[in-house]
$ cat query00.cif   # mmCIF, N, CA and C atoms
data_coords
#
loop_
_atom_site.label_atom_id
_atom_site.label_comp_id
_atom_site.auth_asym_id
_atom_site.auth_seq_id
_atom_site.Cartn_x
_atom_site.Cartn_y
_atom_site.Cartn_z
N MET A 1 -3.32 2.97 -22.03
CA MET A 1 -3.19 3.52 -20.69
C MET A 1 -1.72 3.89 -20.48
N THR A 2 -1.48 5.07 -19.96
CA THR A 2 -0.10 5.52 -19.75
C THR A 2 0.51 4.80 -18.56
N ARG A 3 1.82 4.89 -18.47
CA ARG A 3 2.55 4.27 -17.36
C ARG A 3 2.06 4.82 -16.03
N TYR A 4 1.79 6.13 -15.98
CA TYR A 4 1.34 6.75 -14.73
C TYR A 4 -0.08 6.31 -14.38
N ALA A 5 -0.92 6.16 -15.37
CA ALA A 5 -2.29 5.71 -15.11
C ALA A 5 -2.29 4.28 -14.57
N VAL A 6 -1.42 3.42 -15.11
CA VAL A 6 -1.29 2.05 -14.61
C VAL A 6 -0.82 2.07 -13.16
N HIS A 7 0.19 2.89 -12.87
CA HIS A 7 0.71 3.00 -11.52
C HIS A 7 -0.37 3.49 -10.56
N ASP A 8 -1.10 4.53 -10.94
CA ASP A 8 -2.16 5.07 -10.07
C ASP A 8 -3.27 4.06 -9.85
N THR A 9 -3.67 3.36 -10.90
CA THR A 9 -4.72 2.34 -10.78
C THR A 9 -4.27 1.21 -9.86
N LEU A 10 -3.03 0.76 -10.01
CA LEU A 10 -2.49 -0.30 -9.17
C LEU A 10 -2.41 0.16 -7.71
N THR A 11 -1.93 1.36 -7.50
CA THR A 11 -1.81 1.89 -6.13
C THR A 11 -3.18 1.99 -5.47
N GLU A 12 -4.17 2.48 -6.18
CA GLU A 12 -5.52 2.60 -5.62
C GLU A 12 -6.11 1.22 -5.31
N ALA A 13 -5.91 0.25 -6.19
CA ALA A 13 -6.42 -1.10 -5.94
C ALA A 13 -5.76 -1.72 -4.72
N LEU A 14 -4.47 -1.53 -4.57
CA LEU A 14 -3.76 -2.07 -3.41
C LEU A 14 -4.17 -1.36 -2.12
N ALA A 15 -4.42 -0.07 -2.21
CA ALA A 15 -4.89 0.67 -1.02
C ALA A 15 -6.25 0.12 -0.57
N ARG A 16 -7.15 -0.14 -1.51
CA ARG A 16 -8.46 -0.73 -1.15
C ARG A 16 -8.27 -2.10 -0.51
N THR A 17 -7.33 -2.88 -1.03
CA THR A 17 -7.04 -4.20 -0.46
C THR A 17 -6.61 -4.07 0.99
N VAL A 18 -5.70 -3.15 1.27
CA VAL A 18 -5.20 -2.95 2.63
C VAL A 18 -6.33 -2.53 3.56
N LEU A 19 -7.15 -1.60 3.11
CA LEU A 19 -8.23 -1.09 3.96
C LEU A 19 -9.30 -2.12 4.25
N ASP A 20 -9.37 -3.18 3.45
CA ASP A 20 -10.32 -4.26 3.69
C ASP A 20 -9.82 -5.31 4.68
N VAL A 21 -8.56 -5.23 5.07
CA VAL A 21 -8.00 -6.20 6.00
C VAL A 21 -8.51 -5.91 7.41
N SER A 22 -9.02 -6.96 8.06
CA SER A 22 -9.51 -6.82 9.42
C SER A 22 -8.37 -6.41 10.34
N GLY A 23 -8.59 -5.38 11.13
CA GLY A 23 -7.57 -4.90 12.05
C GLY A 23 -6.80 -3.69 11.56
N VAL A 24 -6.93 -3.34 10.28
CA VAL A 24 -6.28 -2.14 9.76
C VAL A 24 -7.22 -0.96 10.00
N ALA A 25 -6.72 0.05 10.71
CA ALA A 25 -7.52 1.25 10.95
C ALA A 25 -7.45 2.18 9.74
N PHE A 26 -6.23 2.45 9.28
CA PHE A 26 -6.06 3.30 8.10
C PHE A 26 -4.62 3.23 7.63
N LEU A 27 -4.40 3.73 6.42
CA LEU A 27 -3.06 3.88 5.88
C LEU A 27 -2.43 5.11 6.51
N LYS A 28 -1.18 5.02 6.89
CA LYS A 28 -0.49 6.11 7.58
C LYS A 28 0.14 7.05 6.55
N PRO A 29 -0.35 8.27 6.45
CA PRO A 29 0.28 9.20 5.51
C PRO A 29 1.61 9.71 6.04
N GLY A 30 2.52 9.95 5.13
CA GLY A 30 3.79 10.55 5.48
C GLY A 30 3.65 12.07 5.52
N PHE A 31 4.69 12.74 5.92
CA PHE A 31 4.66 14.19 6.05
C PHE A 31 4.33 14.86 4.72
N SER A 32 4.93 14.39 3.63
CA SER A 32 4.68 15.03 2.33
C SER A 32 3.22 14.86 1.90
N GLU A 33 2.62 13.70 2.21
CA GLU A 33 1.22 13.49 1.86
C GLU A 33 0.32 14.41 2.68
N LEU A 34 0.67 14.61 3.96
CA LEU A 34 -0.12 15.51 4.79
C LEU A 34 -0.08 16.93 4.24
N LEU A 35 1.09 17.36 3.80
CA LEU A 35 1.21 18.70 3.22
C LEU A 35 0.41 18.79 1.92
N ARG A 36 0.53 17.76 1.08
CA ARG A 36 -0.18 17.76 -0.20
C ARG A 36 -1.67 17.80 -0.01
N THR A 37 -2.21 16.97 0.90
CA THR A 37 -3.65 16.93 1.08
C THR A 37 -4.15 18.19 1.78
N GLY A 38 -3.31 18.79 2.61
CA GLY A 38 -3.70 20.04 3.24
C GLY A 38 -3.78 21.17 2.22
N ALA A 39 -2.84 21.19 1.30
CA ALA A 39 -2.81 22.24 0.29
C ALA A 39 -3.80 21.99 -0.83
N GLY A 40 -4.07 20.72 -1.10
CA GLY A 40 -4.96 20.39 -2.22
C GLY A 40 -6.12 19.55 -1.76
N ALA A 41 -6.83 20.01 -0.74
CA ALA A 41 -7.95 19.24 -0.20
C ALA A 41 -8.92 18.89 -1.31
N GLY A 42 -9.37 17.66 -1.27
CA GLY A 42 -10.30 17.20 -2.29
C GLY A 42 -9.64 16.59 -3.51
N ARG A 43 -8.32 16.60 -3.57
CA ARG A 43 -7.63 15.99 -4.71
C ARG A 43 -7.83 14.50 -4.70
N SER A 44 -7.91 13.92 -5.86
CA SER A 44 -8.02 12.46 -5.93
C SER A 44 -6.68 11.85 -5.59
N GLY A 45 -6.70 10.61 -5.10
CA GLY A 45 -5.47 9.91 -4.78
C GLY A 45 -5.01 10.11 -3.35
N ALA A 46 -5.65 11.02 -2.61
CA ALA A 46 -5.21 11.27 -1.24
C ALA A 46 -5.40 10.04 -0.36
N HIS A 47 -6.37 9.17 -0.72
CA HIS A 47 -6.62 7.97 0.08
C HIS A 47 -5.54 6.92 -0.09
N THR A 48 -4.58 7.14 -0.95
CA THR A 48 -3.48 6.19 -1.14
C THR A 48 -2.24 6.58 -0.35
N ALA A 49 -2.34 7.64 0.44
CA ALA A 49 -1.21 8.02 1.28
C ALA A 49 -0.89 6.83 2.19
N GLY A 50 0.37 6.54 2.37
CA GLY A 50 0.77 5.41 3.20
C GLY A 50 1.10 4.17 2.40
N ILE A 51 0.92 4.25 1.09
CA ILE A 51 1.28 3.11 0.23
C ILE A 51 2.14 3.65 -0.91
N ARG A 52 3.27 2.99 -1.12
CA ARG A 52 4.18 3.40 -2.19
C ARG A 52 4.45 2.19 -3.07
N VAL A 53 4.20 2.36 -4.34
CA VAL A 53 4.42 1.29 -5.32
C VAL A 53 5.45 1.79 -6.32
N THR A 54 6.57 1.09 -6.40
CA THR A 54 7.64 1.52 -7.30
C THR A 54 8.15 0.35 -8.13
N ARG A 55 8.78 0.72 -9.23
CA ARG A 55 9.41 -0.26 -10.11
C ARG A 55 10.51 0.47 -10.87
N ARG A 56 11.71 -0.02 -10.78
CA ARG A 56 12.84 0.68 -11.43
C ARG A 56 12.72 0.66 -12.94
N ASP A 57 12.39 -0.48 -13.49
CA ASP A 57 12.14 -0.58 -14.92
C ASP A 57 11.25 -1.79 -15.17
N GLY A 58 10.92 -2.05 -16.41
CA GLY A 58 10.00 -3.12 -16.75
C GLY A 58 10.45 -4.51 -16.39
N SER A 59 11.75 -4.71 -16.18
CA SER A 59 12.24 -6.06 -15.87
C SER A 59 12.40 -6.30 -14.37
N GLU A 60 12.37 -5.24 -13.58
CA GLU A 60 12.53 -5.35 -12.13
C GLU A 60 11.19 -5.70 -11.48
N PRO A 61 11.22 -6.35 -10.32
CA PRO A 61 9.97 -6.61 -9.61
C PRO A 61 9.38 -5.33 -9.03
N TRP A 62 8.06 -5.32 -8.88
CA TRP A 62 7.39 -4.21 -8.21
C TRP A 62 7.78 -4.24 -6.74
N GLU A 63 7.90 -3.08 -6.13
CA GLU A 63 8.17 -2.96 -4.70
C GLU A 63 6.99 -2.21 -4.08
N VAL A 64 6.35 -2.86 -3.11
CA VAL A 64 5.20 -2.27 -2.45
C VAL A 64 5.57 -2.04 -0.99
N ASP A 65 5.52 -0.80 -0.57
CA ASP A 65 5.85 -0.42 0.80
C ASP A 65 4.59 0.21 1.41
N VAL A 66 4.07 -0.42 2.46
CA VAL A 66 2.82 0.01 3.07
C VAL A 66 3.05 0.35 4.53
N ARG A 67 2.50 1.47 4.94
CA ARG A 67 2.55 1.88 6.35
C ARG A 67 1.11 1.99 6.83
N ILE A 68 0.81 1.24 7.89
CA ILE A 68 -0.55 1.20 8.39
C ILE A 68 -0.60 1.53 9.87
N VAL A 69 -1.79 1.92 10.31
CA VAL A 69 -2.09 2.03 11.73
C VAL A 69 -3.11 0.93 12.00
N ALA A 70 -2.81 0.11 13.00
CA ALA A 70 -3.66 -1.05 13.31
C ALA A 70 -4.57 -0.75 14.50
N ARG A 71 -5.62 -1.52 14.59
CA ARG A 71 -6.52 -1.42 15.74
C ARG A 71 -5.90 -2.20 16.90
N LYS A 72 -5.91 -1.59 18.08
CA LYS A 72 -5.20 -2.18 19.21
C LYS A 72 -5.87 -3.43 19.77
N GLU A 73 -7.11 -3.70 19.40
CA GLU A 73 -7.75 -4.92 19.90
C GLU A 73 -7.28 -6.18 19.14
N ARG A 74 -6.51 -5.98 18.09
CA ARG A 74 -5.95 -7.10 17.32
C ARG A 74 -4.45 -7.18 17.55
N ARG A 75 -3.91 -8.40 17.50
CA ARG A 75 -2.45 -8.55 17.61
C ARG A 75 -1.80 -7.90 16.39
N THR A 76 -0.84 -7.05 16.66
CA THR A 76 -0.18 -6.30 15.60
C THR A 76 0.46 -7.21 14.56
N VAL A 77 1.11 -8.25 15.01
CA VAL A 77 1.78 -9.18 14.09
C VAL A 77 0.76 -9.86 13.18
N ASP A 78 -0.42 -10.17 13.71
CA ASP A 78 -1.46 -10.80 12.89
C ASP A 78 -1.99 -9.85 11.82
N VAL A 79 -2.15 -8.58 12.18
CA VAL A 79 -2.61 -7.57 11.22
C VAL A 79 -1.57 -7.38 10.12
N ALA A 80 -0.30 -7.30 10.51
CA ALA A 80 0.77 -7.12 9.52
C ALA A 80 0.83 -8.32 8.57
N ARG A 81 0.75 -9.52 9.11
CA ARG A 81 0.79 -10.73 8.26
C ARG A 81 -0.42 -10.79 7.33
N ALA A 82 -1.60 -10.50 7.86
CA ALA A 82 -2.82 -10.53 7.04
C ALA A 82 -2.75 -9.48 5.93
N THR A 83 -2.19 -8.34 6.24
CA THR A 83 -2.04 -7.27 5.24
C THR A 83 -1.09 -7.72 4.14
N ARG A 84 0.02 -8.29 4.52
CA ARG A 84 1.00 -8.77 3.54
C ARG A 84 0.39 -9.86 2.64
N GLU A 85 -0.30 -10.81 3.26
CA GLU A 85 -0.93 -11.89 2.48
C GLU A 85 -1.98 -11.34 1.52
N ALA A 86 -2.79 -10.40 1.99
CA ALA A 86 -3.83 -9.81 1.13
C ALA A 86 -3.20 -9.08 -0.05
N LEU A 87 -2.12 -8.36 0.20
CA LEU A 87 -1.43 -7.66 -0.88
C LEU A 87 -0.81 -8.63 -1.88
N GLU A 88 -0.20 -9.70 -1.39
CA GLU A 88 0.40 -10.69 -2.30
C GLU A 88 -0.66 -11.35 -3.16
N GLU A 89 -1.82 -11.67 -2.58
CA GLU A 89 -2.92 -12.25 -3.36
C GLU A 89 -3.44 -11.27 -4.40
N SER A 90 -3.60 -10.02 -4.00
CA SER A 90 -4.08 -9.00 -4.91
C SER A 90 -3.10 -8.78 -6.07
N LEU A 91 -1.82 -8.72 -5.75
CA LEU A 91 -0.81 -8.55 -6.78
C LEU A 91 -0.79 -9.73 -7.75
N ALA A 92 -0.97 -10.94 -7.23
CA ALA A 92 -0.98 -12.13 -8.10
C ALA A 92 -2.16 -12.07 -9.07
N THR A 93 -3.26 -11.48 -8.63
CA THR A 93 -4.43 -11.33 -9.51
C THR A 93 -4.24 -10.18 -10.49
N LEU A 94 -3.77 -9.05 -9.99
CA LEU A 94 -3.62 -7.86 -10.83
C LEU A 94 -2.46 -7.95 -11.81
N LEU A 95 -1.37 -8.57 -11.37
CA LEU A 95 -0.15 -8.67 -12.18
C LEU A 95 0.33 -10.11 -12.22
N PRO A 96 -0.40 -11.00 -12.87
CA PRO A 96 -0.06 -12.42 -12.79
C PRO A 96 1.31 -12.79 -13.35
N ASP A 97 1.85 -12.00 -14.24
CA ASP A 97 3.14 -12.33 -14.84
C ASP A 97 4.30 -11.53 -14.24
N SER A 98 4.04 -10.81 -13.17
CA SER A 98 5.07 -9.97 -12.55
C SER A 98 5.41 -10.45 -11.15
N LYS A 99 6.63 -10.19 -10.76
CA LYS A 99 7.06 -10.47 -9.39
C LYS A 99 6.92 -9.19 -8.58
N ALA A 100 6.76 -9.36 -7.26
CA ALA A 100 6.64 -8.19 -6.39
C ALA A 100 7.20 -8.51 -5.02
N SER A 101 7.71 -7.49 -4.39
CA SER A 101 8.17 -7.59 -3.02
C SER A 101 7.29 -6.66 -2.19
N VAL A 102 6.81 -7.17 -1.05
CA VAL A 102 5.87 -6.43 -0.22
C VAL A 102 6.46 -6.23 1.16
N ARG A 103 6.41 -4.98 1.63
CA ARG A 103 6.85 -4.68 3.00
C ARG A 103 5.73 -3.93 3.70
N VAL A 104 5.34 -4.43 4.87
CA VAL A 104 4.29 -3.81 5.67
C VAL A 104 4.89 -3.35 6.99
N THR A 105 4.66 -2.09 7.32
CA THR A 105 5.13 -1.53 8.58
C THR A 105 3.92 -1.00 9.35
N VAL A 106 3.78 -1.44 10.59
CA VAL A 106 2.73 -0.92 11.46
C VAL A 106 3.36 0.24 12.22
N THR A 107 2.82 1.44 12.00
CA THR A 107 3.42 2.65 12.58
C THR A 107 2.71 3.12 13.84
N GLY A 108 1.56 2.53 14.14
CA GLY A 108 0.84 2.96 15.32
C GLY A 108 -0.37 2.11 15.58
N LEU A 109 -1.01 2.35 16.73
CA LEU A 109 -2.21 1.64 17.13
C LEU A 109 -3.27 2.63 17.56
N VAL A 110 -4.51 2.32 17.25
CA VAL A 110 -5.64 3.14 17.73
C VAL A 110 -6.69 2.25 18.35
#
$ encode --input "query00.cif" --output "structure tokens"
Amino acid sequence: MTRYAVHDTLTEALARTVLDVSGVAFLKPGFSELLRTGAGAGRSGAHTAGIRVTRRDGSEPWEVDVRIVARKERRTVDVARATREALEESLATLLPDSKASVRVTVTGLV
């Protein structure tokens, strides 16, 4: 599996994890993702907009940056904490020998 395939598989798995968290309405796409999905409707990977997974090199920890929109009937801080915990558990399962840093930002409420 290529480095890009591993990255895409990891990103998609983490996106599914986030979307399964109670209180998360959806991942918040950035401007570039909106342009990409508008121009390439139907492209795979569009459902991962709002999640960025990076790693500088093989020895550095993974960095996961997630932007979500939460449901307003739930406390925002609880949704953010639950999302972070779910991501940390998922990462521990998917990458048991790797370290990761997780940042969750709630960008809106619906």
$ select_by_dssp --input "query00.cif" --residues "segment 4-106 of chain A" --states "helix (DSSP H, G or I)" --output "PyMOL selection string"
chain A and resi 4-19+31-39+46-48+76-94
$ atom_distance --input "query00.cif" --atom1 "atom CA of Thr9 of chain A" --atom2 "atom CA of Thr48 of chain A"
10.5 Å
$ closest_residue --input "query00.cif" --among "A:Ala25, A:Ala82, A:Val64, A:Leu87" --to "Leu109 of chain A" --atoms "all atoms listed in the file"
A:Ala25
$ resolve_selection --input "query00.cif" --expression "the PyMOL selection byres ((chain A and resi 107) around 6.5)" --output "PDB file with N, CA and C atoms, in the coordinates of the input"
ATOM      1  N   ARG A  67       2.500   1.470   4.940  1.00  0.00           N
ATOM      2  CA  ARG A  67       2.550   1.880   6.350  1.00  0.00           C
ATOM      3  C   ARG A  67       1.110   1.990   6.830  1.00  0.00           C
ATOM      4  N   ILE A  68       0.810   1.240   7.890  1.00  0.00           N
ATOM      5  CA  ILE A  68      -0.550   1.200   8.390  1.00  0.00           C
ATOM      6  C   ILE A  68      -0.600   1.530   9.870  1.00  0.00           C
ATOM      7  N   VAL A  69      -1.790   1.920  10.310  1.00  0.00           N
ATOM      8  CA  VAL A  69      -2.090   2.030  11.730  1.00  0.00           C
ATOM      9  C   VAL A  69      -3.110   0.930  12.000  1.00  0.00           C
ATOM     10  N   ALA A  70      -2.810   0.110  13.000  1.00  0.00           N
ATOM     11  CA  ALA A  70      -3.660  -1.050  13.310  1.00  0.00           C
ATOM     12  C   ALA A  70      -4.570  -0.750  14.500  1.00  0.00           C
ATOM     13  N   THR A 105       4.660  -2.090   7.320  1.00  0.00           N
ATOM     14  CA  THR A 105       5.130  -1.530   8.580  1.00  0.00           C
ATOM     15  C   THR A 105       3.920  -1.000   9.350  1.00  0.00           C
ATOM     16  N   VAL A 106       3.780  -1.440  10.590  1.00  0.00           N
ATOM     17  CA  VAL A 106       2.730  -0.920  11.460  1.00  0.00           C
ATOM     18  C   VAL A 106       3.360   0.240  12.220  1.00  0.00           C
ATOM     19  N   GLY A 108       1.560   2.530  14.140  1.00  0.00           N
ATOM     20  CA  GLY A 108       0.840   2.960  15.320  1.00  0.00           C
ATOM     21  C   GLY A 108      -0.370   2.110  15.580  1.00  0.00           C
ATOM     22  N   LEU A 109      -1.010   2.350  16.730  1.00  0.00           N
ATOM     23  CA  LEU A 109      -2.210   1.640  17.130  1.00  0.00           C
ATOM     24  C   LEU A 109      -3.270   2.630  17.560  1.00  0.00           C
TER      25      LEU A 109
END
$ atom_distance --input "query00.cif" --atom1 "atom C of Asp8 of chain A" --atom2 "atom CA of Val24 of chain A"
20.8 Å
$ resolve_selection --input "query00.cif" --expression "the PyMOL selection byres ((chain A and resi 54) around 6.5)" --output "list in words"
Arg52, Val53, Arg55, Arg56, Pro61, Trp62, Glu63, Val64 and Asp65 of chain A
$ atom_distance --input "query00.cif" --atom1 "atom CA of His7 of chain A" --atom2 "atom CA of Val79 of chain A"
25.3 Å
$ resolve_selection --input "query00.cif" --expression "the PyMOL selection byres ((chain A and resi 100) around 8)" --output "PyMOL selection string"
chain A and resi 60-64+88+91-92+97-99+101-103
$ write_last_selection --input "query00.cif" --atoms "N, CA and C atoms" --output "PDB file, in the frame of the given file"
ATOM      1  N   GLU A  60      12.370  -5.240 -13.580  1.00  0.00           N
ATOM      2  CA  GLU A  60      12.530  -5.350 -12.130  1.00  0.00           C
ATOM      3  C   GLU A  60      11.190  -5.700 -11.480  1.00  0.00           C
ATOM      4  N   PRO A  61      11.220  -6.350 -10.320  1.00  0.00           N
ATOM      5  CA  PRO A  61       9.970  -6.610  -9.610  1.00  0.00           C
ATOM      6  C   PRO A  61       9.380  -5.330  -9.030  1.00  0.00           C
ATOM      7  N   TRP A  62       8.060  -5.320  -8.880  1.00  0.00           N
ATOM      8  CA  TRP A  62       7.390  -4.210  -8.210  1.00  0.00           C
ATOM      9  C   TRP A  62       7.780  -4.240  -6.740  1.00  0.00           C
ATOM     10  N   GLU A  63       7.900  -3.080  -6.130  1.00  0.00           N
ATOM     11  CA  GLU A  63       8.170  -2.960  -4.700  1.00  0.00           C
ATOM     12  C   GLU A  63       6.990  -2.210  -4.080  1.00  0.00           C
ATOM     13  N   VAL A  64       6.350  -2.860  -3.110  1.00  0.00           N
ATOM     14  CA  VAL A  64       5.200  -2.270  -2.450  1.00  0.00           C
ATOM     15  C   VAL A  64       5.570  -2.040  -0.990  1.00  0.00           C
ATOM     16  N   GLU A  88      -0.200  -9.700  -1.390  1.00  0.00           N
ATOM     17  CA  GLU A  88       0.400 -10.690  -2.300  1.00  0.00           C
ATOM     18  C   GLU A  88      -0.660 -11.350  -3.160  1.00  0.00           C
ATOM     19  N   LEU A  91      -1.820  -8.720  -5.750  1.00  0.00           N
ATOM     20  CA  LEU A  91      -0.810  -8.550  -6.780  1.00  0.00           C
ATOM     21  C   LEU A  91      -0.790  -9.730  -7.750  1.00  0.00           C
ATOM     22  N   ALA A  92      -0.970 -10.940  -7.230  1.00  0.00           N
ATOM     23  CA  ALA A  92      -0.980 -12.130  -8.100  1.00  0.00           C
ATOM     24  C   ALA A  92      -2.160 -12.070  -9.070  1.00  0.00           C
ATOM     25  N   ASP A  97       1.850 -12.000 -14.240  1.00  0.00           N
ATOM     26  CA  ASP A  97       3.140 -12.330 -14.840  1.00  0.00           C
ATOM     27  C   ASP A  97       4.300 -11.530 -14.240  1.00  0.00           C
ATOM     28  N   SER A  98       4.040 -10.810 -13.170  1.00  0.00           N
ATOM     29  CA  SER A  98       5.070  -9.970 -12.550  1.00  0.00           C
ATOM     30  C   SER A  98       5.410 -10.450 -11.150  1.00  0.00           C
ATOM     31  N   LYS A  99       6.630 -10.190 -10.760  1.00  0.00           N
ATOM     32  CA  LYS A  99       7.060 -10.470  -9.390  1.00  0.00           C
ATOM     33  C   LYS A  99       6.920  -9.190  -8.580  1.00  0.00           C
ATOM     34  N   SER A 101       7.710  -7.490  -4.390  1.00  0.00           N
ATOM     35  CA  SER A 101       8.170  -7.590  -3.020  1.00  0.00           C
ATOM     36  C   SER A 101       7.290  -6.660  -2.190  1.00  0.00           C
ATOM     37  N   VAL A 102       6.810  -7.170  -1.050  1.00  0.00           N
ATOM     38  CA  VAL A 102       5.870  -6.430  -0.220  1.00  0.00           C
ATOM     39  C   VAL A 102       6.460  -6.230   1.160  1.00  0.00           C
ATOM     40  N   ARG A 103       6.410  -4.980   1.630  1.00  0.00           N
ATOM     41  CA  ARG A 103       6.850  -4.680   3.000  1.00  0.00           C
ATOM     42  C   ARG A 103       5.730  -3.930   3.700  1.00  0.00           C
TER      43      ARG A 103
END
$ select_by_dssp --input "query00.cif" --residues "chain A" --states "strand (DSSP E)" --output "ChimeraX atom specification"
/A:24-27,51-54,62-70,100-109
$ closest_residue --input "query00.cif" --among "A:Leu95, A:Val21, A:Val104, A:Ala15" --to "Ala49 of chain A" --atoms "only N, CA and C atoms"
A:Ala15
$ closest_residue --input "query00.cif" --among "A:Gly23, A:Val110, A:Val66, A:Ala86" --to "Ile51 of chain A" --atoms "only N, CA and C atoms"
A:Val66
$ axis_aligned_box --input "query00.cif" --around "segment 79-94 of chain A" --padding-each-side "6 Å" --output "JSON"
{"center_x": -1.7, "center_y": -9.7, "center_z": 0.2, "size_x": 17.4, "size_y": 17.1, "size_z": 36.0}
$ build_atoms --input "query00.cif" --residues "segment 70-82 of chain A" --atoms "N, CA, C and O atoms" --output "PDB file, keeping the file's coordinate frame"
ATOM      1  N   ALA A  70      -2.810   0.110  13.000  1.00  0.00           N
ATOM      2  CA  ALA A  70      -3.660  -1.050  13.310  1.00  0.00           C
ATOM      3  C   ALA A  70      -4.570  -0.750  14.500  1.00  0.00           C
ATOM      4  O   ALA A  70      -4.298   0.142  15.304  1.00  0.00           O
ATOM      5  N   ARG A  71      -5.620  -1.520  14.590  1.00  0.00           N
ATOM      6  CA  ARG A  71      -6.520  -1.420  15.740  1.00  0.00           C
ATOM      7  C   ARG A  71      -5.900  -2.200  16.900  1.00  0.00           C
ATOM      8  O   ARG A  71      -5.437  -3.325  16.733  1.00  0.00           O
ATOM      9  N   LYS A  72      -5.910  -1.590  18.080  1.00  0.00           N
ATOM     10  CA  LYS A  72      -5.200  -2.180  19.210  1.00  0.00           C
ATOM     11  C   LYS A  72      -5.870  -3.430  19.770  1.00  0.00           C
ATOM     12  O   LYS A  72      -5.240  -4.180  20.507  1.00  0.00           O
ATOM     13  N   GLU A  73      -7.110  -3.700  19.400  1.00  0.00           N
ATOM     14  CA  GLU A  73      -7.750  -4.920  19.900  1.00  0.00           C
ATOM     15  C   GLU A  73      -7.280  -6.180  19.140  1.00  0.00           C
ATOM     16  O   GLU A  73      -7.612  -7.287  19.508  1.00  0.00           O
ATOM     17  N   ARG A  74      -6.510  -5.980  18.090  1.00  0.00           N
ATOM     18  CA  ARG A  74      -5.950  -7.100  17.320  1.00  0.00           C
ATOM     19  C   ARG A  74      -4.450  -7.180  17.550  1.00  0.00           C
ATOM     20  O   ARG A  74      -3.796  -6.159  17.739  1.00  0.00           O
ATOM     21  N   ARG A  75      -3.910  -8.400  17.500  1.00  0.00           N
ATOM     22  CA  ARG A  75      -2.450  -8.550  17.610  1.00  0.00           C
ATOM     23  C   ARG A  75      -1.800  -7.900  16.390  1.00  0.00           C
ATOM     24  O   ARG A  75      -2.150  -8.204  15.251  1.00  0.00           O
ATOM     25  N   THR A  76      -0.840  -7.050  16.660  1.00  0.00           N
ATOM     26  CA  THR A  76      -0.180  -6.300  15.600  1.00  0.00           C
ATOM     27  C   THR A  76       0.460  -7.210  14.560  1.00  0.00           C
ATOM     28  O   THR A  76       0.337  -6.993  13.361  1.00  0.00           O
ATOM     29  N   VAL A  77       1.110  -8.250  15.010  1.00  0.00           N
ATOM     30  CA  VAL A  77       1.780  -9.180  14.090  1.00  0.00           C
ATOM     31  C   VAL A  77       0.760  -9.860  13.180  1.00  0.00           C
ATOM     32  O   VAL A  77       1.018 -10.078  11.995  1.00  0.00           O
ATOM     33  N   ASP A  78      -0.420 -10.170  13.710  1.00  0.00           N
ATOM     34  CA  ASP A  78      -1.460 -10.800  12.890  1.00  0.00           C
ATOM     35  C   ASP A  78      -1.990  -9.850  11.820  1.00  0.00           C
ATOM     36  O   ASP A  78      -2.239 -10.245  10.680  1.00  0.00           O
ATOM     37  N   VAL A  79      -2.150  -8.580  12.180  1.00  0.00           N
ATOM     38  CA  VAL A  79      -2.610  -7.570  11.220  1.00  0.00           C
ATOM     39  C   VAL A  79      -1.570  -7.380  10.120  1.00  0.00           C
ATOM     40  O   VAL A  79      -1.905  -7.328   8.937  1.00  0.00           O
ATOM     41  N   ALA A  80      -0.300  -7.300  10.510  1.00  0.00           N
ATOM     42  CA  ALA A  80       0.770  -7.120   9.520  1.00  0.00           C
ATOM     43  C   ALA A  80       0.830  -8.320   8.570  1.00  0.00           C
ATOM     44  O   ALA A  80       0.936  -8.149   7.351  1.00  0.00           O
ATOM     45  N   ARG A  81       0.750  -9.520   9.110  1.00  0.00           N
ATOM     46  CA  ARG A  81       0.790 -10.730   8.260  1.00  0.00           C
ATOM     47  C   ARG A  81      -0.420 -10.790   7.330  1.00  0.00           C
ATOM     48  O   ARG A  81      -0.281 -11.116   6.142  1.00  0.00           O
ATOM     49  N   ALA A  82      -1.600 -10.500   7.860  1.00  0.00           N
ATOM     50  CA  ALA A  82      -2.820 -10.530   7.040  1.00  0.00           C
ATOM     51  C   ALA A  82      -2.750  -9.480   5.930  1.00  0.00           C
ATOM     52  O   ALA A  82      -3.181  -9.737   4.797  1.00  0.00           O
TER      53      ALA A  82
END
